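> Here you go, my_file_24.cif (mmCIF, C-alpha atoms):
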data_upload
loop_
_atom_site.group_PDB
_atom_site.id
_atom_site.type_symbol
_atom_site.label_atom_id
_atom_site.label_comp_id
_atom_site.auth_asym_id
_atom_site.auth_seq_id
_atom_site.Cartn_x
_atom_site.Cartn_y
_atom_site.Cartn_z
ATOM 1 C CA MET A 1 -99.789 85.055 75.346
ATOM 2 C CA SER A 2 -100.696 88.689 75.962
ATOM 3 C CA VAL A 3 -103.905 90.238 74.612
ATOM 4 C CA ASP A 4 -101.906 92.434 72.212
ATOM 5 C CA SER A 5 -99.869 89.495 70.934
ATOM 6 C CA ARG A 6 -102.977 87.401 70.348
ATOM 7 C CA ARG A 7 -104.654 90.272 68.522
ATOM 8 C CA ALA A 8 -101.635 90.694 66.272
ATOM 9 C CA GLU A 9 -101.546 86.957 65.600
ATOM 10 C CA LEU A 10 -105.237 86.846 64.690
ATOM 11 C CA ALA A 11 -104.962 89.958 62.536
ATOM 12 C CA ALA A 12 -102.123 88.442 60.525
ATOM 13 C CA SER A 13 -103.766 85.044 60.068
ATOM 14 C CA LEU A 14 -107.126 86.591 59.157
ATOM 15 C CA ALA A 15 -105.464 88.789 56.538
ATOM 16 C CA ALA A 16 -103.608 85.778 55.126
ATOM 17 C CA ALA A 17 -106.814 83.736 54.881
ATOM 18 C CA ARG A 18 -108.627 86.604 53.156
ATOM 19 C CA GLU A 19 -105.774 86.843 50.661
ATOM 20 C CA ARG A 20 -106.012 83.099 49.956
ATOM 21 C CA VAL A 21 -109.721 83.437 49.256
ATOM 22 C CA ALA A 22 -109.215 86.460 46.995
ATOM 23 C CA ARG A 23 -106.444 84.740 45.030
ATOM 24 C CA ALA A 24 -108.529 81.592 44.653
ATOM 25 C CA GLU A 25 -111.461 83.601 43.291
ATOM 26 C CA LEU A 26 -109.186 85.406 40.862
ATOM 27 C CA ALA A 27 -107.546 82.178 39.696
ATOM 28 C CA VAL A 28 -110.839 80.719 38.497
ATOM 29 C CA GLY A 29 -112.463 83.945 37.314
ATOM 30 C CA ARG A 30 -115.006 84.240 40.091
ATOM 31 C CA GLU A 31 -116.464 87.550 41.209
ATOM 32 C CA PRO A 32 -114.562 88.991 44.205
ATOM 33 C CA GLY A 33 -116.511 88.268 47.359
ATOM 34 C CA SER A 34 -118.526 85.420 45.845
ATOM 35 C CA ALA A 35 -116.834 83.029 48.269
ATOM 36 C CA ARG A 36 -117.186 84.203 51.846
ATOM 37 C CA LEU A 37 -114.775 83.432 54.652
ATOM 38 C CA MET A 38 -116.307 81.860 57.761
ATOM 39 C CA VAL A 39 -114.017 81.787 60.782
ATOM 40 C CA VAL A 40 -114.481 78.607 62.802
ATOM 41 C CA THR A 41 -114.079 79.640 66.430
ATOM 42 C CA LYS A 42 -115.243 76.454 68.135
ATOM 43 C CA PHE A 43 -113.151 75.562 71.203
ATOM 44 C CA PHE A 44 -111.688 79.086 71.345
ATOM 45 C CA PRO A 45 -112.723 81.716 73.928
ATOM 46 C CA ALA A 46 -115.184 84.548 73.499
ATOM 47 C CA ALA A 47 -112.256 86.977 73.680
ATOM 48 C CA ASP A 48 -110.954 85.606 70.370
ATOM 49 C CA LEU A 49 -114.346 85.928 68.714
ATOM 50 C CA ALA A 50 -114.686 89.503 69.971
ATOM 51 C CA CYS A 51 -111.203 90.356 68.709
ATOM 52 C CA LEU A 52 -112.011 88.967 65.251
ATOM 53 C CA VAL A 53 -115.247 90.962 65.136
ATOM 54 C CA GLU A 54 -113.252 94.091 65.903
ATOM 55 C CA LEU A 55 -110.852 93.110 63.109
ATOM 56 C CA GLY A 56 -113.767 93.053 60.671
ATOM 57 C CA ALA A 57 -114.702 89.364 60.478
ATOM 58 C CA THR A 58 -118.464 88.978 60.144
ATOM 59 C CA GLU A 59 -119.188 85.245 59.805
ATOM 60 C CA PHE A 60 -118.346 82.586 62.354
ATOM 61 C CA GLY A 61 -118.905 78.878 62.809
ATOM 62 C CA GLU A 62 -119.522 77.103 66.102
ATOM 63 C CA SER A 63 -120.311 73.470 66.829
ATOM 64 C CA ARG A 64 -120.816 72.934 70.555
ATOM 65 C CA GLU A 65 -123.851 73.969 72.534
ATOM 66 C CA PRO A 66 -124.097 75.379 75.225
ATOM 67 C CA GLU A 67 -120.516 76.655 74.761
ATOM 68 C CA ALA A 68 -121.514 78.502 71.592
ATOM 69 C CA GLY A 69 -124.601 80.105 73.095
ATOM 70 C CA ARG A 70 -122.664 81.467 76.063
ATOM 71 C CA LYS A 71 -119.886 82.756 73.823
ATOM 72 C CA VAL A 72 -122.231 84.528 71.413
ATOM 73 C CA ALA A 73 -124.186 86.116 74.265
ATOM 74 C CA GLN A 74 -120.973 87.386 75.860
ATOM 75 C CA VAL A 75 -119.665 88.959 72.667
ATOM 76 C CA ARG A 76 -122.993 90.588 71.831
ATOM 77 C CA ALA A 77 -123.093 92.066 75.333
ATOM 78 C CA GLU A 78 -119.528 93.378 75.021
ATOM 79 C CA LEU A 79 -120.015 94.689 71.468
ATOM 80 C CA PRO A 80 -123.701 95.643 71.253
ATOM 81 C CA ASP A 81 -123.316 97.572 68.001
ATOM 82 C CA ALA A 82 -121.252 94.946 66.194
ATOM 83 C CA VAL A 83 -122.752 93.204 63.164
ATOM 84 C CA PHE A 84 -121.799 89.542 62.845
ATOM 85 C CA ASP A 85 -123.469 86.176 62.302
ATOM 86 C CA VAL A 86 -122.792 82.770 63.781
ATOM 87 C CA ASP A 87 -123.756 79.455 62.196
ATOM 88 C CA MET A 88 -124.055 76.062 63.832
ATOM 89 C CA ILE A 89 -121.739 73.924 61.721
ATOM 90 C CA GLY A 90 -121.391 70.812 63.854
ATOM 91 C CA SER A 91 -123.782 67.976 64.494
ATOM 92 C CA ALA A 92 -126.934 69.476 65.988
ATOM 93 C CA GLN A 93 -128.815 67.517 68.619
ATOM 94 C CA ARG A 94 -132.602 67.756 68.584
ATOM 95 C CA LYS A 95 -132.705 68.296 72.341
ATOM 96 C CA LYS A 96 -130.610 71.451 71.925
ATOM 97 C CA ALA A 97 -132.649 72.919 69.066
ATOM 98 C CA LYS A 98 -134.335 75.431 71.378
ATOM 99 C CA THR A 99 -131.096 77.054 72.468
ATOM 100 C CA VAL A 100 -129.458 76.880 69.022
ATOM 101 C CA ALA A 101 -132.441 78.730 67.521
ATOM 102 C CA ARG A 102 -131.763 81.657 69.837
ATOM 103 C CA TRP A 103 -128.298 82.487 68.508
ATOM 104 C CA ALA A 104 -127.692 80.782 65.154
ATOM 105 C CA ARG A 105 -128.236 82.491 61.833
ATOM 106 C CA ARG A 106 -128.151 79.074 60.173
ATOM 107 C CA VAL A 107 -127.728 75.427 61.011
ATOM 108 C CA GLN A 108 -125.439 73.950 58.373
ATOM 109 C CA SER A 109 -125.785 70.331 59.440
ATOM 110 C CA VAL A 110 -129.452 69.417 58.978
ATOM 111 C CA ASP A 111 -129.607 65.798 57.874
ATOM 112 C CA SER A 112 -132.888 64.333 59.129
ATOM 113 C CA PRO A 113 -136.613 65.128 59.175
ATOM 114 C CA GLU A 114 -136.589 64.871 62.959
ATOM 115 C CA LEU A 115 -133.906 67.535 63.306
ATOM 116 C CA ALA A 116 -135.649 69.786 60.792
ATOM 117 C CA GLN A 117 -138.899 69.480 62.745
ATOM 118 C CA ALA A 118 -137.216 70.235 66.071
ATOM 119 C CA LEU A 119 -135.506 73.296 64.625
ATOM 120 C CA ALA A 120 -138.735 74.540 63.066
ATOM 121 C CA VAL A 121 -140.574 74.352 66.378
ATOM 122 C CA ALA A 122 -137.686 76.051 68.169
ATOM 123 C CA ALA A 123 -137.418 78.785 65.543
ATOM 124 C CA GLU A 124 -141.150 79.510 65.735
ATOM 125 C CA ARG A 125 -140.905 79.903 69.493
ATOM 126 C CA SER A 126 -137.860 82.153 69.216
ATOM 127 C CA LEU A 127 -139.622 84.316 66.627
ATOM 128 C CA ASP A 128 -142.707 84.581 68.823
ATOM 129 C CA ALA A 129 -140.546 85.507 71.812
ATOM 130 C CA GLY A 130 -138.665 88.175 69.862
ATOM 131 C CA GLU A 131 -135.371 86.321 70.268
ATOM 132 C CA ARG A 132 -134.878 86.329 66.503
ATOM 133 C CA THR A 133 -136.289 88.434 63.692
ATOM 134 C CA ALA A 134 -135.880 86.104 60.714
ATOM 135 C CA PRO A 135 -136.420 82.432 59.936
ATOM 136 C CA LEU A 136 -133.657 80.047 60.907
ATOM 137 C CA GLY A 137 -131.500 79.316 57.883
ATOM 138 C CA VAL A 138 -130.949 75.677 56.968
ATOM 139 C CA LEU A 139 -128.235 73.994 54.956
ATOM 140 C CA LEU A 140 -128.785 70.325 54.253
ATOM 141 C CA GLN A 141 -125.636 68.365 54.990
ATOM 142 C CA VAL A 142 -124.950 66.007 52.102
ATOM 143 C CA SER A 143 -123.244 62.691 52.637
ATOM 144 C CA LEU A 144 -120.809 62.087 49.785
ATOM 145 C CA ASP A 145 -119.733 58.648 50.992
ATOM 146 C CA GLY A 146 -122.766 57.260 52.828
ATOM 147 C CA ASP A 147 -120.884 57.018 56.136
ATOM 148 C CA PRO A 148 -123.528 57.582 58.854
ATOM 149 C CA ALA A 149 -120.835 58.257 61.469
ATOM 150 C CA ARG A 150 -119.881 61.462 59.640
ATOM 151 C CA GLY A 151 -123.422 62.764 59.289
ATOM 152 C CA GLY A 152 -125.246 63.892 56.215
ATOM 153 C CA VAL A 153 -128.228 62.837 54.148
ATOM 154 C CA PRO A 154 -127.740 60.552 51.125
ATOM 155 C CA VAL A 155 -128.045 62.349 47.806
ATOM 156 C CA ASP A 156 -131.149 60.402 46.791
ATOM 157 C CA GLU A 157 -132.965 61.602 49.934
ATOM 158 C CA LEU A 158 -132.165 65.309 49.535
ATOM 159 C CA GLY A 159 -135.405 66.179 47.795
ATOM 160 C CA ARG A 160 -137.589 64.608 50.453
ATOM 161 C CA LEU A 161 -135.779 66.407 53.265
ATOM 162 C CA ALA A 162 -135.838 69.670 51.325
ATOM 163 C CA GLU A 163 -139.612 69.450 50.973
ATOM 164 C CA GLN A 164 -139.969 69.045 54.721
ATOM 165 C CA VAL A 165 -137.905 72.185 55.298
ATOM 166 C CA VAL A 166 -139.824 74.155 52.671
ATOM 167 C CA ALA A 167 -143.074 73.078 54.324
ATOM 168 C CA ARG A 168 -141.982 74.991 57.430
ATOM 169 C CA ASP A 169 -141.365 78.206 55.513
ATOM 170 C CA GLY A 170 -141.636 81.131 57.893
ATOM 171 C CA ALA A 171 -139.805 79.247 60.606
ATOM 172 C CA LEU A 172 -137.066 77.801 58.408
ATOM 173 C CA SER A 173 -135.349 79.042 55.262
ATOM 174 C CA LEU A 174 -133.851 76.515 52.836
ATOM 175 C CA ASP A 175 -130.561 78.243 52.006
ATOM 176 C CA GLY A 176 -128.517 75.494 50.371
ATOM 177 C CA LEU A 177 -126.172 72.585 51.016
ATOM 178 C CA MET A 178 -123.142 71.807 53.148
ATOM 179 C CA VAL A 179 -120.540 69.122 52.521
ATOM 180 C CA ILE A 180 -117.522 67.769 54.353
ATOM 181 C CA ALA A 181 -115.126 66.007 51.993
ATOM 182 C CA PRO A 182 -114.654 62.333 52.944
ATOM 183 C CA LEU A 183 -111.309 61.360 54.408
ATOM 184 C CA HIS A 184 -110.635 58.846 51.648
ATOM 185 C CA GLY A 185 -110.207 59.494 47.930
ATOM 186 C CA GLU A 186 -109.301 62.694 46.126
ATOM 187 C CA VAL A 187 -110.590 65.949 47.618
ATOM 188 C CA ARG A 188 -110.895 67.463 44.137
ATOM 189 C CA GLU A 189 -113.202 64.664 43.002
ATOM 190 C CA HIS A 190 -115.361 64.975 46.112
ATOM 191 C CA LEU A 191 -115.731 68.744 45.757
ATOM 192 C CA ALA A 192 -116.464 68.480 42.045
ATOM 193 C CA HIS A 193 -119.193 65.972 42.911
ATOM 194 C CA ALA A 194 -120.579 68.376 45.526
ATOM 195 C CA GLN A 195 -120.746 71.157 42.940
ATOM 196 C CA THR A 196 -122.697 68.923 40.566
ATOM 197 C CA ILE A 197 -125.135 68.001 43.325
ATOM 198 C CA ALA A 198 -125.579 71.665 44.299
ATOM 199 C CA GLU A 199 -126.248 72.737 40.714
ATOM 200 C CA GLY A 200 -128.948 70.107 40.342
ATOM 201 C CA PHE A 201 -130.439 71.006 43.715
ATOM 202 C CA ARG A 202 -130.707 74.683 42.736
ATOM 203 C CA ARG A 203 -132.716 73.790 39.662
ATOM 204 C CA ASP A 204 -135.387 72.382 41.967
ATOM 205 C CA TYR A 205 -134.886 74.926 44.775
ATOM 206 C CA PRO A 206 -133.643 78.224 43.262
ATOM 207 C CA GLN A 207 -133.564 79.889 46.673
ATOM 208 C CA ALA A 208 -130.919 77.414 47.878
ATOM 209 C CA ARG A 209 -127.892 79.355 46.638
ATOM 210 C CA GLU A 210 -125.390 78.413 49.320
ATOM 211 C CA LEU A 211 -122.762 75.689 48.998
ATOM 212 C CA SER A 212 -120.695 75.512 52.163
ATOM 213 C CA SER A 213 -117.582 73.466 51.419
ATOM 214 C CA GLY A 214 -113.868 73.707 51.977
ATOM 215 C CA MET A 215 -111.737 74.192 55.060
ATOM 216 C CA SER A 216 -108.225 75.367 55.895
ATOM 217 C CA GLY A 217 -106.455 72.770 53.789
ATOM 218 C CA ASP A 218 -108.608 72.750 50.677
ATOM 219 C CA LEU A 219 -110.321 76.130 50.433
ATOM 220 C CA GLU A 220 -108.777 76.921 47.026
ATOM 221 C CA THR A 221 -110.145 73.707 45.540
ATOM 222 C CA ALA A 222 -113.542 74.334 47.135
ATOM 223 C CA ILE A 223 -113.695 77.813 45.595
ATOM 224 C CA GLU A 224 -112.753 76.341 42.236
ATOM 225 C CA TYR A 225 -115.758 74.058 42.569
ATOM 226 C CA GLY A 226 -118.362 76.608 43.525
ATOM 227 C CA SER A 227 -118.161 77.020 47.283
ATOM 228 C CA THR A 228 -119.911 80.145 48.528
ATOM 229 C CA CYS A 229 -118.643 79.702 52.099
ATOM 230 C CA VAL A 230 -115.302 78.261 53.188
ATOM 231 C CA ARG A 231 -115.070 77.267 56.841
ATOM 232 C CA VAL A 232 -111.582 78.107 58.102
ATOM 233 C CA GLY A 233 -110.458 77.287 61.620
ATOM 234 C CA THR A 234 -106.860 76.210 62.102
ATOM 235 C CA ALA A 235 -105.379 78.540 59.470
ATOM 236 C CA ILE A 236 -106.771 81.521 61.394
ATOM 237 C CA MET A 237 -107.164 80.403 64.991
ATOM 238 C CA GLY A 238 -104.069 78.211 65.287
ATOM 239 C CA ALA A 239 -103.863 74.812 66.926
ATOM 240 C CA ARG A 240 -106.985 73.776 68.763
ATOM 241 C CA PRO A 241 -106.665 74.222 72.556
ATOM 242 C CA ILE A 242 -106.828 71.153 74.762
ATOM 243 C CA ILE A 243 -110.398 70.779 75.981
ATOM 244 C CA SER A 244 -111.497 68.450 78.747
ATOM 245 C CA PRO A 245 -114.179 65.926 77.728
#
Let me see the file written as C-alpha cells.

Amino acid sequence: MSVDSRRAELAASLAAARERVARAELAVGREPGSARLMVVTKFFPAADLACLVELGATEFGESREPEAGRKVAQVRAELPDAVFDVDMIGSAQRKKAKTVARWARRVQSVDSPELAQALAVAAERSLDAGERTAPLGVLLQVSLDGDPARGGVPVDELGRLAEQVVARDGALSLDGLMVIAPLHGEVREHLAHAQTIAEGFRRDYPQARELSSGMSGDLETAIEYGSTCVRVGTAIMGARPIISP
C-alpha cells in the first residue's frame, strides 16, 4: 500500500472512530470530549503513528518494549513540535520499568506492589536525568474475574496497592483504574461492574479520575458506563500485521 493510500485509510478510520465516540457520548448525555479516544498502535510501524499525529490524534497506546520505545523516539525525532502522549497499556515487566519510564505518560497495567516499586524507582531516575518532567501516571488494572493469566489486581486488594502508589507521590501519580472485560459473560455487566468499582475508588482517591475501559467492539457500552478513555486498535489501524515471535 502506498503512503498516500495508507494515510487516506487512517484518516477515514480515525474520523469514523471519533464519530462513534461523539455519538456514544450524546446518546447517554455525557459532555462532549469526556471520553477520549486512544489509538492503539502496537505492532504497527512508526510511520503509522507519525501519520496519525499529523492527522490530529494525540493519545496512543503501546504494549511491547523495546518496540514502543524505539517507535516513540523515532516519531518525536521526525515531529519535534508535535504534542502527543503514549501510554503503556500491556503487561509491564519490572525489568523493563527503566525504559518504559522514559517514554510513557502512564502505565495502565499496574497490578502488583513490585511493579509499582520498580516504576517508582525508574520514574525518579528519569526525572533526575531530565528524561521526563512529570511523575509517571499509574492506572491500577482491576481484575473483574480473578483470572491471573489476564492480569489485574483483585478488587479487595485495590486499596492496599493504591496506598503503595500514593506513598511514592512525586515519582508516581495515581490517575485511576483500567479494566479489560473478561471473555466470558455479558460485556455490559462487566463494564457496569467496573463503573461501580471506579466510583467507589474515587471516593477514597478523588485524584483518580480515569477509567480506561472499552475497545473497538464495545466502546459505546464502555462510554455508557463511565469510561474516560477507550482504547481502539483494530477499528482504526486495521488487521494486526503478522509479527514474528
> Using the chain letters and numbers from this file, what does the PyMOL selection byres ((chain A and resi 124-141) around 8) select? Give the answer as a tab-separated table (two decimals) with C-alpha atoms, in the frame of the given file.

chain	number	residue	atom	x	y	z
A	98	LYS	CA	-134.34	75.43	71.38
A	101	ALA	CA	-132.44	78.73	67.52
A	102	ARG	CA	-131.76	81.66	69.84
A	103	TRP	CA	-128.30	82.49	68.51
A	104	ALA	CA	-127.69	80.78	65.15
A	105	ARG	CA	-128.24	82.49	61.83
A	106	ARG	CA	-128.15	79.07	60.17
A	107	VAL	CA	-127.73	75.43	61.01
A	108	GLN	CA	-125.44	73.95	58.37
A	109	SER	CA	-125.78	70.33	59.44
A	110	VAL	CA	-129.45	69.42	58.98
A	111	ASP	CA	-129.61	65.80	57.87
A	119	LEU	CA	-135.51	73.30	64.62
A	120	ALA	CA	-138.74	74.54	63.07
A	121	VAL	CA	-140.57	74.35	66.38
A	122	ALA	CA	-137.69	76.05	68.17
A	123	ALA	CA	-137.42	78.78	65.54
A	142	VAL	CA	-124.95	66.01	52.10
A	143	SER	CA	-123.24	62.69	52.64
A	151	GLY	CA	-123.42	62.76	59.29
A	152	GLY	CA	-125.25	63.89	56.22
A	153	VAL	CA	-128.23	62.84	54.15
A	158	LEU	CA	-132.16	65.31	49.54
A	162	ALA	CA	-135.84	69.67	51.32
A	165	VAL	CA	-137.90	72.18	55.30
A	169	ASP	CA	-141.36	78.21	55.51
A	170	GLY	CA	-141.64	81.13	57.89
A	171	ALA	CA	-139.80	79.25	60.61
A	172	LEU	CA	-137.07	77.80	58.41
A	173	SER	CA	-135.35	79.04	55.26
A	174	LEU	CA	-133.85	76.52	52.84
A	175	ASP	CA	-130.56	78.24	52.01
A	176	GLY	CA	-128.52	75.49	50.37
A	177	LEU	CA	-126.17	72.58	51.02
A	178	MET	CA	-123.14	71.81	53.15
A	179	VAL	CA	-120.54	69.12	52.52
A	210	GLU	CA	-125.39	78.41	49.32
> Could you produce a table of the residues of segment 126-244 of chain A lying within 8 Å of segment 22-28 of chain A, with the nearest pair of atoms per residue and their separation in Å rounded to one decimal, using all atoms listed in the file, ordered by chain and increasing residue number, as CSV?

residue,atom,partner,partner_atom,distance
A:Glu220,CA,A:Ala24,CA,5.2
A:Ile223,CA,A:Ala24,CA,6.5
A:Glu224,CA,A:Val28,CA,6.1
> Neighbours of Val187 of chain A within 9 Å (all atoms listed in the file; same-chain residues fewer than 4 positions away dropped), as a VMD selection string?
chain A and resid 181 to 183 191 to 192 218 221 to 222
> Report, in Å to a single decimal, how far apart atom CA of Leu37 of chain A and atom CA of Leu219 of chain A are.
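Result for atom CA of Leu219 of chain A versus atom CA of Leu37 of chain A: 9.5 Å, one decimal.
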> Which residues come within 10 Å of Phe43 of chain A, counting all atoms listed in the file, excluding same-chain residues fewer than 4 positions away, as number ranges by chain?
A: 62-64, 67-68, 237, 240-243
> Taking the file as I've supplied it (selection: the PyMOL selection byres ((chain A and resi 39) around 7)), which residues are included? Please answer as a VMD selection string.
chain A and resid 37 to 38 40 to 41 59 to 61 231 to 233
> How many Å lie between atom CA of Leu211 of chain A and atom CA of His190 of chain A, rounded to one decimal?
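Rounded to one decimal, the two atoms are 13.3 Å apart.
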> Smallest atom-to-atom distance to Asp4 of chain A: which of A:Ala47, A:Gln93, A:Gly69, A:Thr228, using all atoms listed in the file?
A:Ala47
> Just how far from atom CA of Asp85 of chain A is atom CA of Leu161 of chain A, in Å to one decimal?
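Taking atom CA of Leu161 of chain A as the start and atom CA of Asp85 of chain A as the end point, the length is 25.0 Å.
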> Could you tell me which residues the PyMOL selection byres ((chain A and resi 82) around 12) grabs in this file, written as a JSON list (two decimals) with C-alpha atoms, in the coordinates of the input?

[["chain", "number", "residue", "atom", "x", "y", "z"],
["A", 49, "LEU", "CA", -114.35, 85.93, 68.71],
["A", 50, "ALA", "CA", -114.69, 89.50, 69.97],
["A", 51, "CYS", "CA", -111.20, 90.36, 68.71],
["A", 52, "LEU", "CA", -112.01, 88.97, 65.25],
["A", 53, "VAL", "CA", -115.25, 90.96, 65.14],
["A", 54, "GLU", "CA", -113.25, 94.09, 65.90],
["A", 55, "LEU", "CA", -110.85, 93.11, 63.11],
["A", 56, "GLY", "CA", -113.77, 93.05, 60.67],
["A", 57, "ALA", "CA", -114.70, 89.36, 60.48],
["A", 58, "THR", "CA", -118.46, 88.98, 60.14],
["A", 59, "GLU", "CA", -119.19, 85.24, 59.80],
["A", 72, "VAL", "CA", -122.23, 84.53, 71.41],
["A", 75, "VAL", "CA", -119.66, 88.96, 72.67],
["A", 76, "ARG", "CA", -122.99, 90.59, 71.83],
["A", 77, "ALA", "CA", -123.09, 92.07, 75.33],
["A", 78, "GLU", "CA", -119.53, 93.38, 75.02],
["A", 79, "LEU", "CA", -120.02, 94.69, 71.47],
["A", 80, "PRO", "CA", -123.70, 95.64, 71.25],
["A", 81, "ASP", "CA", -123.32, 97.57, 68.00],
["A", 83, "VAL", "CA", -122.75, 93.20, 63.16],
["A", 84, "PHE", "CA", -121.80, 89.54, 62.84],
["A", 85, "ASP", "CA", -123.47, 86.18, 62.30]]
> Edge lengths and centre in Å to one decimal, as AutoDock Vina command-line options, is what I'm after for the box along x, y and z that holds all listed atoms of segment 52-61 of chain A once 6 Å is added on each side.

--center_x -115.0 --center_y 86.5 --center_z 62.9 --size_x 20.3 --size_y 27.2 --size_z 18.1
> Taking (-115.1, 55.7, 51.2) in the file's own coordinates, collect the residues within 10 Å, counting all atoms listed in the file, and hand them back as JSON, numbers by chain.
{"A": [144, 145, 146, 147, 182, 183, 184, 185]}
> How would the residues just chosen look if you wrote them out with C-alpha atoms as a tab-separated table (two decimals), in the coordinates of the input?

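Below is the file that was written, out.tsv:
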chain	number	residue	atom	x	y	z
A	144	LEU	CA	-120.81	62.09	49.78
A	145	ASP	CA	-119.73	58.65	50.99
A	146	GLY	CA	-122.77	57.26	52.83
A	147	ASP	CA	-120.88	57.02	56.14
A	182	PRO	CA	-114.65	62.33	52.94
A	183	LEU	CA	-111.31	61.36	54.41
A	184	HIS	CA	-110.64	58.85	51.65
A	185	GLY	CA	-110.21	59.49	47.93
> Which residue, A:Ala118, A:Ala73, A:Ala239, A:Ala35, has the smallest gap to Arg20 of chain A when you use all atoms listed in the file?
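Nearest candidate to Arg20 of chain A out of A:Ala118, A:Ala73, A:Ala239, A:Ala35: A:Ala35.
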> Leaving out Ala16 of chain A and any residue of its chain fewer than 5 positions from it, which residues lie within 10 Å of it when counting only C-alpha atoms, given as a ChimeraX atom specification?
/A:10-11,21-22,235-236
> So which one's closest to Ile180 of chain A, A:Ile197, A:Leu115, A:Ala97, A:Met215? Using only C-alpha atoms, please.
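Between A:Ile197, A:Leu115, A:Ala97, A:Met215, the residue approaching Ile180 of chain A most closely is A:Met215.
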> Which residue is closest to Leu14 of chain A? Choose from A:Asp48, A:Glu65, A:Met1, A:Glu186 and count only C-alpha atoms.
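Looking at the shortest contact to Leu14 of chain A, the residue is A:Asp48.
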> Just write segment 183-189 of chain A with all heavy atoms, as an mmCIF file, in the first residue's frame, taken from the block above.

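Output below, filename part_10.cif:
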data_model
loop_
_atom_site.group_PDB
_atom_site.id
_atom_site.type_symbol
_atom_site.label_atom_id
_atom_site.label_comp_id
_atom_site.auth_asym_id
_atom_site.auth_seq_id
_atom_site.Cartn_x
_atom_site.Cartn_y
_atom_site.Cartn_z
ATOM 1 N N LEU A 183 -13.560 -12.451 28.913
ATOM 2 C CA LEU A 183 -14.038 -13.034 27.670
ATOM 3 C C LEU A 183 -15.386 -13.718 27.843
ATOM 4 O O LEU A 183 -16.118 -13.907 26.872
ATOM 5 C CB LEU A 183 -12.998 -14.043 27.141
ATOM 6 C CG LEU A 183 -11.615 -13.458 26.821
ATOM 7 C CD1 LEU A 183 -10.661 -14.570 26.413
ATOM 8 C CD2 LEU A 183 -11.711 -12.415 25.731
ATOM 9 N N HIS A 184 -15.701 -14.120 29.061
ATOM 10 C CA HIS A 184 -16.964 -14.804 29.312
ATOM 11 C C HIS A 184 -17.986 -13.820 29.887
ATOM 12 O O HIS A 184 -17.631 -12.752 30.396
ATOM 13 C CB HIS A 184 -16.759 -15.950 30.307
ATOM 14 C CG HIS A 184 -16.206 -15.486 31.627
ATOM 15 N ND1 HIS A 184 -16.984 -14.941 32.630
ATOM 16 C CD2 HIS A 184 -14.931 -15.454 32.085
ATOM 17 C CE1 HIS A 184 -16.224 -14.621 33.657
ATOM 18 N NE2 HIS A 184 -14.973 -14.910 33.357
ATOM 19 N N GLY A 185 -19.255 -14.178 29.814
ATOM 20 C CA GLY A 185 -20.295 -13.334 30.395
ATOM 21 C C GLY A 185 -20.656 -12.166 29.493
ATOM 22 O O GLY A 185 -20.188 -12.029 28.361
ATOM 23 N N GLU A 186 -21.519 -11.301 30.017
ATOM 24 C CA GLU A 186 -22.010 -10.155 29.270
ATOM 25 C C GLU A 186 -21.097 -8.943 29.463
ATOM 26 O O GLU A 186 -20.819 -8.546 30.599
ATOM 27 C CB GLU A 186 -23.432 -9.795 29.726
ATOM 28 C CG GLU A 186 -24.470 -10.837 29.376
ATOM 29 C CD GLU A 186 -24.682 -10.949 27.870
ATOM 30 O OE1 GLU A 186 -24.538 -9.914 27.178
ATOM 31 O OE2 GLU A 186 -24.983 -12.059 27.401
ATOM 32 N N VAL A 187 -20.656 -8.363 28.353
ATOM 33 C CA VAL A 187 -19.781 -7.191 28.418
ATOM 34 C C VAL A 187 -20.450 -6.071 29.201
ATOM 35 O O VAL A 187 -19.812 -5.391 30.018
ATOM 36 C CB VAL A 187 -19.409 -6.716 27.002
ATOM 37 C CG1 VAL A 187 -18.719 -5.358 27.064
ATOM 38 C CG2 VAL A 187 -18.501 -7.727 26.323
ATOM 39 N N ARG A 188 -21.737 -5.857 28.973
ATOM 40 C CA ARG A 188 -22.453 -4.780 29.662
ATOM 41 C C ARG A 188 -22.373 -4.954 31.178
ATOM 42 O O ARG A 188 -22.155 -3.982 31.913
ATOM 43 C CB ARG A 188 -23.911 -4.740 29.199
ATOM 44 C CG ARG A 188 -24.759 -3.656 29.857
ATOM 45 C CD ARG A 188 -26.130 -3.581 29.205
ATOM 46 N NE ARG A 188 -26.016 -3.176 27.816
ATOM 47 C CZ ARG A 188 -25.926 -1.929 27.403
ATOM 48 N NH1 ARG A 188 -25.941 -0.928 28.281
ATOM 49 N NH2 ARG A 188 -25.827 -1.632 26.122
ATOM 50 N N GLU A 189 -22.546 -6.160 31.657
ATOM 51 C CA GLU A 189 -22.484 -6.412 33.094
ATOM 52 C C GLU A 189 -21.086 -6.155 33.636
ATOM 53 O O GLU A 189 -20.920 -5.579 34.719
ATOM 54 C CB GLU A 189 -22.921 -7.841 33.398
ATOM 55 C CG GLU A 189 -24.389 -8.110 33.107
ATOM 56 C CD GLU A 189 -24.784 -9.533 33.417
ATOM 57 O OE1 GLU A 189 -23.931 -10.293 33.936
ATOM 58 O OE2 GLU A 189 -25.942 -9.896 33.134
#
